[in-house]
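Pasting upload-v9.pdb here (PDB, C-alpha atoms):
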ATOM      1  CA  MET A   1      44.864  92.234 -72.877  1.00  0.00           C
ATOM      2  CA  LEU A   2      47.388  90.840 -75.314  1.00  0.00           C
ATOM      3  CA  LEU A   3      50.255  91.890 -73.070  1.00  0.00           C
ATOM      4  CA  ARG A   4      48.661  90.182 -70.045  1.00  0.00           C
ATOM      5  CA  SER A   5      48.076  86.905 -71.919  1.00  0.00           C
ATOM      6  CA  LEU A   6      51.613  87.015 -73.323  1.00  0.00           C
ATOM      7  CA  SER A   7      53.127  87.502 -69.863  1.00  0.00           C
ATOM      8  CA  LEU A   8      50.931  84.713 -68.482  1.00  0.00           C
ATOM      9  CA  PHE A   9      52.086  82.403 -71.284  1.00  0.00           C
ATOM     10  CA  ILE A  10      55.765  83.196 -70.558  1.00  0.00           C
ATOM     11  CA  LEU A  11      55.237  82.617 -66.837  1.00  0.00           C
ATOM     12  CA  LEU A  12      53.586  79.242 -67.470  1.00  0.00           C
ATOM     13  CA  PHE A  13      56.358  78.289 -69.893  1.00  0.00           C
ATOM     14  CA  LEU A  14      59.041  79.088 -67.288  1.00  0.00           C
ATOM     15  CA  VAL A  15      57.249  77.193 -64.513  1.00  0.00           C
ATOM     16  CA  ALA A  16      56.697  74.153 -66.744  1.00  0.00           C
ATOM     17  CA  GLY A  17      60.352  74.172 -67.807  1.00  0.00           C
ATOM     18  CA  CYS A  18      61.603  74.325 -64.215  1.00  0.00           C
ATOM     19  CA  THR A  19      59.369  71.545 -62.943  1.00  0.00           C
ATOM     20  CA  ALA A  20      59.801  69.138 -65.851  1.00  0.00           C
ATOM     21  CA  ALA A  21      61.615  65.984 -64.777  1.00  0.00           C
ATOM     22  CA  LYS A  22      64.808  65.401 -66.651  1.00  0.00           C
ATOM     23  CA  ASN A  23      65.595  61.714 -67.046  1.00  0.00           C
ATOM     24  CA  HIS A  24      69.249  61.135 -67.718  1.00  0.00           C
ATOM     25  CA  THR A  25      70.654  57.662 -67.361  1.00  0.00           C
ATOM     26  CA  GLU A  26      74.396  57.632 -67.082  1.00  0.00           C
ATOM     27  CA  ILE A  27      76.333  54.478 -67.705  1.00  0.00           C
ATOM     28  CA  ALA A  28      79.183  54.098 -65.262  1.00  0.00           C
ATOM     29  CA  LYS A  29      82.475  53.838 -67.124  1.00  0.00           C
ATOM     30  CA  ASN A  30      84.431  52.583 -64.126  1.00  0.00           C
ATOM     31  CA  SER A  31      82.847  50.113 -61.735  1.00  0.00           C
ATOM     32  CA  TYR A  32      84.463  48.715 -58.621  1.00  0.00           C
ATOM     33  CA  ILE A  33      84.127  45.280 -57.050  1.00  0.00           C
ATOM     34  CA  LYS A  34      85.503  43.690 -53.896  1.00  0.00           C
ATOM     35  CA  GLY A  35      85.047  39.956 -53.806  1.00  0.00           C
ATOM     36  CA  ILE A  36      86.295  36.395 -54.174  1.00  0.00           C
ATOM     37  CA  VAL A  37      87.606  34.969 -57.447  1.00  0.00           C
ATOM     38  CA  THR A  38      85.316  32.040 -58.307  1.00  0.00           C
ATOM     39  CA  SER A  39      86.734  30.965 -61.683  1.00  0.00           C
ATOM     40  CA  ILE A  40      89.733  31.636 -63.919  1.00  0.00           C
ATOM     41  CA  SER A  41      90.168  31.090 -67.655  1.00  0.00           C
ATOM     42  CA  LYS A  42      93.599  31.355 -69.306  1.00  0.00           C
ATOM     43  CA  VAL A  43      93.754  33.363 -72.565  1.00  0.00           C
ATOM     44  CA  ASN A  44      96.696  34.397 -74.769  1.00  0.00           C
ATOM     45  CA  SER A  45      97.957  37.446 -72.882  1.00  0.00           C
ATOM     46  CA  GLY A  46      96.314  37.072 -69.468  1.00  0.00           C
ATOM     47  CA  TYR A  47      93.382  35.696 -67.518  1.00  0.00           C
ATOM     48  CA  VAL A  48      89.605  36.085 -67.499  1.00  0.00           C
ATOM     49  CA  TYR A  49      88.305  36.239 -63.933  1.00  0.00           C
ATOM     50  CA  THR A  50      84.809  35.776 -62.533  1.00  0.00           C
ATOM     51  CA  ILE A  51      84.406  37.572 -59.208  1.00  0.00           C
ATOM     52  CA  GLU A  52      81.530  37.268 -56.699  1.00  0.00           C
ATOM     53  CA  SER A  53      81.194  40.248 -54.370  1.00  0.00           C
ATOM     54  CA  THR A  54      81.660  40.206 -50.596  1.00  0.00           C
ATOM     55  CA  ASP A  55      81.034  43.941 -50.191  1.00  0.00           C
ATOM     56  CA  THR A  56      78.347  45.837 -52.119  1.00  0.00           C
ATOM     57  CA  SER A  57      78.486  49.110 -50.196  1.00  0.00           C
ATOM     58  CA  ASN A  58      79.021  52.417 -52.032  1.00  0.00           C
ATOM     59  CA  GLY A  59      77.577  51.092 -55.279  1.00  0.00           C
ATOM     60  CA  LYS A  60      80.030  48.241 -55.812  1.00  0.00           C
ATOM     61  CA  LEU A  61      79.063  45.502 -58.268  1.00  0.00           C
ATOM     62  CA  ILE A  62      77.456  42.236 -57.154  1.00  0.00           C
ATOM     63  CA  SER A  63      79.464  40.152 -59.619  1.00  0.00           C
ATOM     64  CA  ALA A  64      81.821  40.826 -62.505  1.00  0.00           C
ATOM     65  CA  GLN A  65      83.745  39.082 -65.246  1.00  0.00           C
ATOM     66  CA  GLY A  66      86.726  40.652 -66.938  1.00  0.00           C
ATOM     67  CA  PHE A  67      90.261  40.373 -68.284  1.00  0.00           C
ATOM     68  CA  SER A  68      93.504  41.085 -66.435  1.00  0.00           C
ATOM     69  CA  SER A  69      97.154  40.213 -66.933  1.00  0.00           C
ATOM     70  CA  LYS A  70      97.810  39.922 -63.182  1.00  0.00           C
ATOM     71  CA  PRO A  71      97.804  36.301 -61.922  1.00  0.00           C
ATOM     72  CA  CYS A  72      95.874  35.127 -58.869  1.00  0.00           C
ATOM     73  CA  ASN A  73      94.157  31.944 -57.660  1.00  0.00           C
ATOM     74  CA  VAL A  74      90.579  30.820 -57.107  1.00  0.00           C
ATOM     75  CA  GLY A  75      89.468  31.812 -53.612  1.00  0.00           C
ATOM     76  CA  ASP A  76      91.585  34.987 -53.386  1.00  0.00           C
ATOM     77  CA  LEU A  77      89.992  38.190 -52.111  1.00  0.00           C
ATOM     78  CA  VAL A  78      90.512  40.927 -54.711  1.00  0.00           C
ATOM     79  CA  TYR A  79      89.614  44.567 -55.293  1.00  0.00           C
ATOM     80  CA  ALA A  80      89.254  45.594 -58.925  1.00  0.00           C
ATOM     81  CA  ARG A  81      87.978  48.346 -61.194  1.00  0.00           C
ATOM     82  CA  LEU A  82      86.155  47.098 -64.285  1.00  0.00           C
ATOM     83  CA  ASN A  83      86.291  49.286 -67.400  1.00  0.00           C
ATOM     84  CA  GLY A  84      84.341  47.605 -70.192  1.00  0.00           C
ATOM     85  CA  ALA A  85      85.590  44.027 -70.343  1.00  0.00           C
ATOM     86  CA  LYS A  86      89.001  44.730 -68.777  1.00  0.00           C
ATOM     87  CA  PHE A  87      90.135  45.285 -65.204  1.00  0.00           C
ATOM     88  CA  ASP A  88      92.088  48.573 -65.132  1.00  0.00           C
ATOM     89  CA  TYR A  89      93.051  48.113 -61.490  1.00  0.00           C
ATOM     90  CA  PHE A  90      93.376  44.630 -59.995  1.00  0.00           C
ATOM     91  CA  ALA A  91      94.746  44.074 -56.475  1.00  0.00           C
ATOM     92  CA  VAL A  92      94.920  40.836 -54.505  1.00  0.00           C
ATOM     93  CA  LEU A  93      93.997  41.686 -50.909  1.00  0.00           C
ATOM     94  CA  VAL A  94      94.130  38.236 -49.241  1.00  0.00           C
ATOM     95  CA  THR A  95      95.383  35.038 -50.843  1.00  0.00           C
ATOM     96  CA  GLY A  96      93.331  31.961 -49.984  1.00  0.00           C
ATOM     97  CA  PHE A  97      90.501  33.944 -48.435  1.00  0.00           C
ATOM     98  CA  GLU A  98      87.444  31.840 -47.618  1.00  0.00           C
ATOM     99  CA  ARG A  99      84.149  32.809 -46.109  1.00  0.00           C
ATOM    100  CA  ALA A 100      83.162  31.094 -42.903  1.00  0.00           C
ATOM    101  CA  GLN A 101      80.462  28.637 -43.957  1.00  0.00           C
ATOM    102  CA  GLU A 102      80.054  27.011 -40.534  1.00  0.00           C
ATOM    103  CA  PRO A 103      77.668  28.534 -38.032  1.00  0.00           C
ATOM    104  CA  ALA A 104      79.164  30.214 -35.015  1.00  0.00           C
ATOM    105  CA  ILE A 105      79.725  28.055 -31.933  1.00  0.00           C
ATOM    106  CA  ILE A 106      77.344  28.959 -29.155  1.00  0.00           C
ATOM    107  CA  LYS A 107      78.147  27.754 -25.657  1.00  0.00           C
ATOM    108  CA  LYS A 108      75.230  26.619 -23.572  1.00  0.00           C
ATOM    109  CA  HIS A 109      75.332  27.026 -19.826  1.00  0.00           C
ATOM    110  CA  HIS A 110      73.494  24.346 -17.909  1.00  0.00           C
ATOM    111  CA  ARG A 111      72.165  25.835 -14.718  1.00  0.00           C
ATOM    112  CA  THR A 112      70.595  23.558 -12.204  1.00  0.00           C
ATOM    113  CA  LYS A 113      69.382  24.048  -8.677  1.00  0.00           C
ATOM    114  CA  GLN A 114      72.484  22.270  -7.383  1.00  0.00           C
ATOM    115  CA  ASN A 115      74.732  24.996  -8.798  1.00  0.00           C
ATOM    116  CA  LEU A 116      72.796  27.829  -7.161  1.00  0.00           C
ATOM    117  CA  THR A 117      74.077  29.280  -3.903  1.00  0.00           C
ATOM    118  CA  VAL A 118      71.822  30.462  -1.136  1.00  0.00           C
ATOM    119  CA  ASP A 119      72.756  33.762   0.445  1.00  0.00           C
ATOM    120  CA  SER A 120      71.523  34.350   3.935  1.00  0.00           C
ATOM    121  CA  ILE A 121      69.795  37.592   4.763  1.00  0.00           C
ATOM    122  CA  PRO A 122      71.311  39.423   7.743  1.00  0.00           C
ATOM    123  CA  VAL A 123      68.989  39.473  10.720  1.00  0.00           C
ATOM    124  CA  VAL A 124      70.524  42.322  12.696  1.00  0.00           C
ATOM    125  CA  GLU A 125      72.759  45.080  11.508  1.00  0.00           C
ATOM    126  CA  SER A 126      74.244  47.770  13.670  1.00  0.00           C
ATOM    127  CA  ILE A 127      76.105  50.922  12.732  1.00  0.00           C
ATOM    128  CA  GLU A 128      78.320  52.779  15.235  1.00  0.00           C
ATOM    129  CA  PHE A 129      79.728  56.292  14.990  1.00  0.00           C
TER     130      PHE A 129
END

Show me the file's structure as structure tokens.
Amino acid sequence: MLLRSLSLFILLFLVAGCTAAKNHTEIAKNSYIKGIVTSISKVNSGYVYTIESTDTSNGKLISAQGFSSKPCNVGDLVYARLNGAKFDYFAVLVTGFERAQEPAIIKKHHRTKQNLTVDSIPVVESIEF
């Protein structure tokens, strides 16, 4: 009886340990961003950039602010890796990149009855071999 209850207790302990949810939250040390530089602040040994994202696929950041010694201008498209408060990798992809803010031009075709052609249906058709 004691052996059966002991084995049942061990079995329940193993099942409970395997099914218990383990909540681990990992903080990403390196985070990537691809976006447009919206503001620049000059500091002693470099620049502090604020970047708004244009691409958030694959877990990229929505926005970021960090330090880099590489110069660029407002409106440039950049790709950077943020580590803490510093950009480890900072690459300017397109200088002077701007998003298209205007809506796309859509051509309208005006069709009237005057533009329609009337095709005549053949009355007789003959095939010879």

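Our summary of the geometry notes that atom CA of A:Ser39 is positioned 23.0 Å from atom CA of A:Gly59.
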
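A straight line drawn from atom CA of A:Val78 to atom CA of A:Phe90 is 7.1 Å long.
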
Seminar exercise, completed: Pairwise distance, atom CA of A:Asn44 with atom CA of A:Leu61, equals 26.6 Å

For this session: Scan for residues within 8 Å of the point (96.0, 33.0, -57.0) in the coordinates of the file, using only C-alpha atoms, and reply as JSON, numbers by chain.
Result: {"A": [71, 72, 73, 74, 75, 76, 95, 96]}

For this session: Can you turn the PyMOL selection byres ((chain A and resi 52) around 8) into a concrete residue list for this file, as JSON, numbers by chain?
Result: {"A": [35, 36, 37, 38, 50, 51, 53, 54, 62, 63, 64]}

For this session: Kindly indicate which residue among A:Phe67, A:Tyr32, A:Tyr79, A:Phe129 lies nearest to A:Tyr49, using all atoms listed in the file for the distances.
Result: A:Phe67

Problem set entry | Distance query A:Ser68 at most 6 Å, only C-alpha atoms, self and fewer than 3 positions along chain excluded, as a PyMOL selection string | chain A and resi 46-47+87

Exercise. From the set A:Lys70, A:Ala91, A:Gln65, A:Leu82, which residue has the shortest atom-to-atom contact distance to A:Ser45, counting only C-alpha atoms?
Worked result: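 The answer is A:Lys70, which sits nearest to A:Ser45.
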
Problem set entry | 10 Å contact set for A:Asp88, all atoms listed in the file, chain neighbours under 3 positions out, as a list in words | Asn30, Ser31, Gly66, Phe67, Ser68, Ser69, Ala80, Arg81, Leu82, Asn83, Gly84 and Ala85 of chain A

Listed atoms of stretch 59-70 of chain A boxed along x, y and z, 8 Å each side, centre and edge lengths in Å, one decimal, as lines of an AutoDock Vina configuration file:
center_x = 87.6
center_y = 45.1
center_z = -61.8
size_x = 36.4
size_y = 28.0
size_z = 29.0
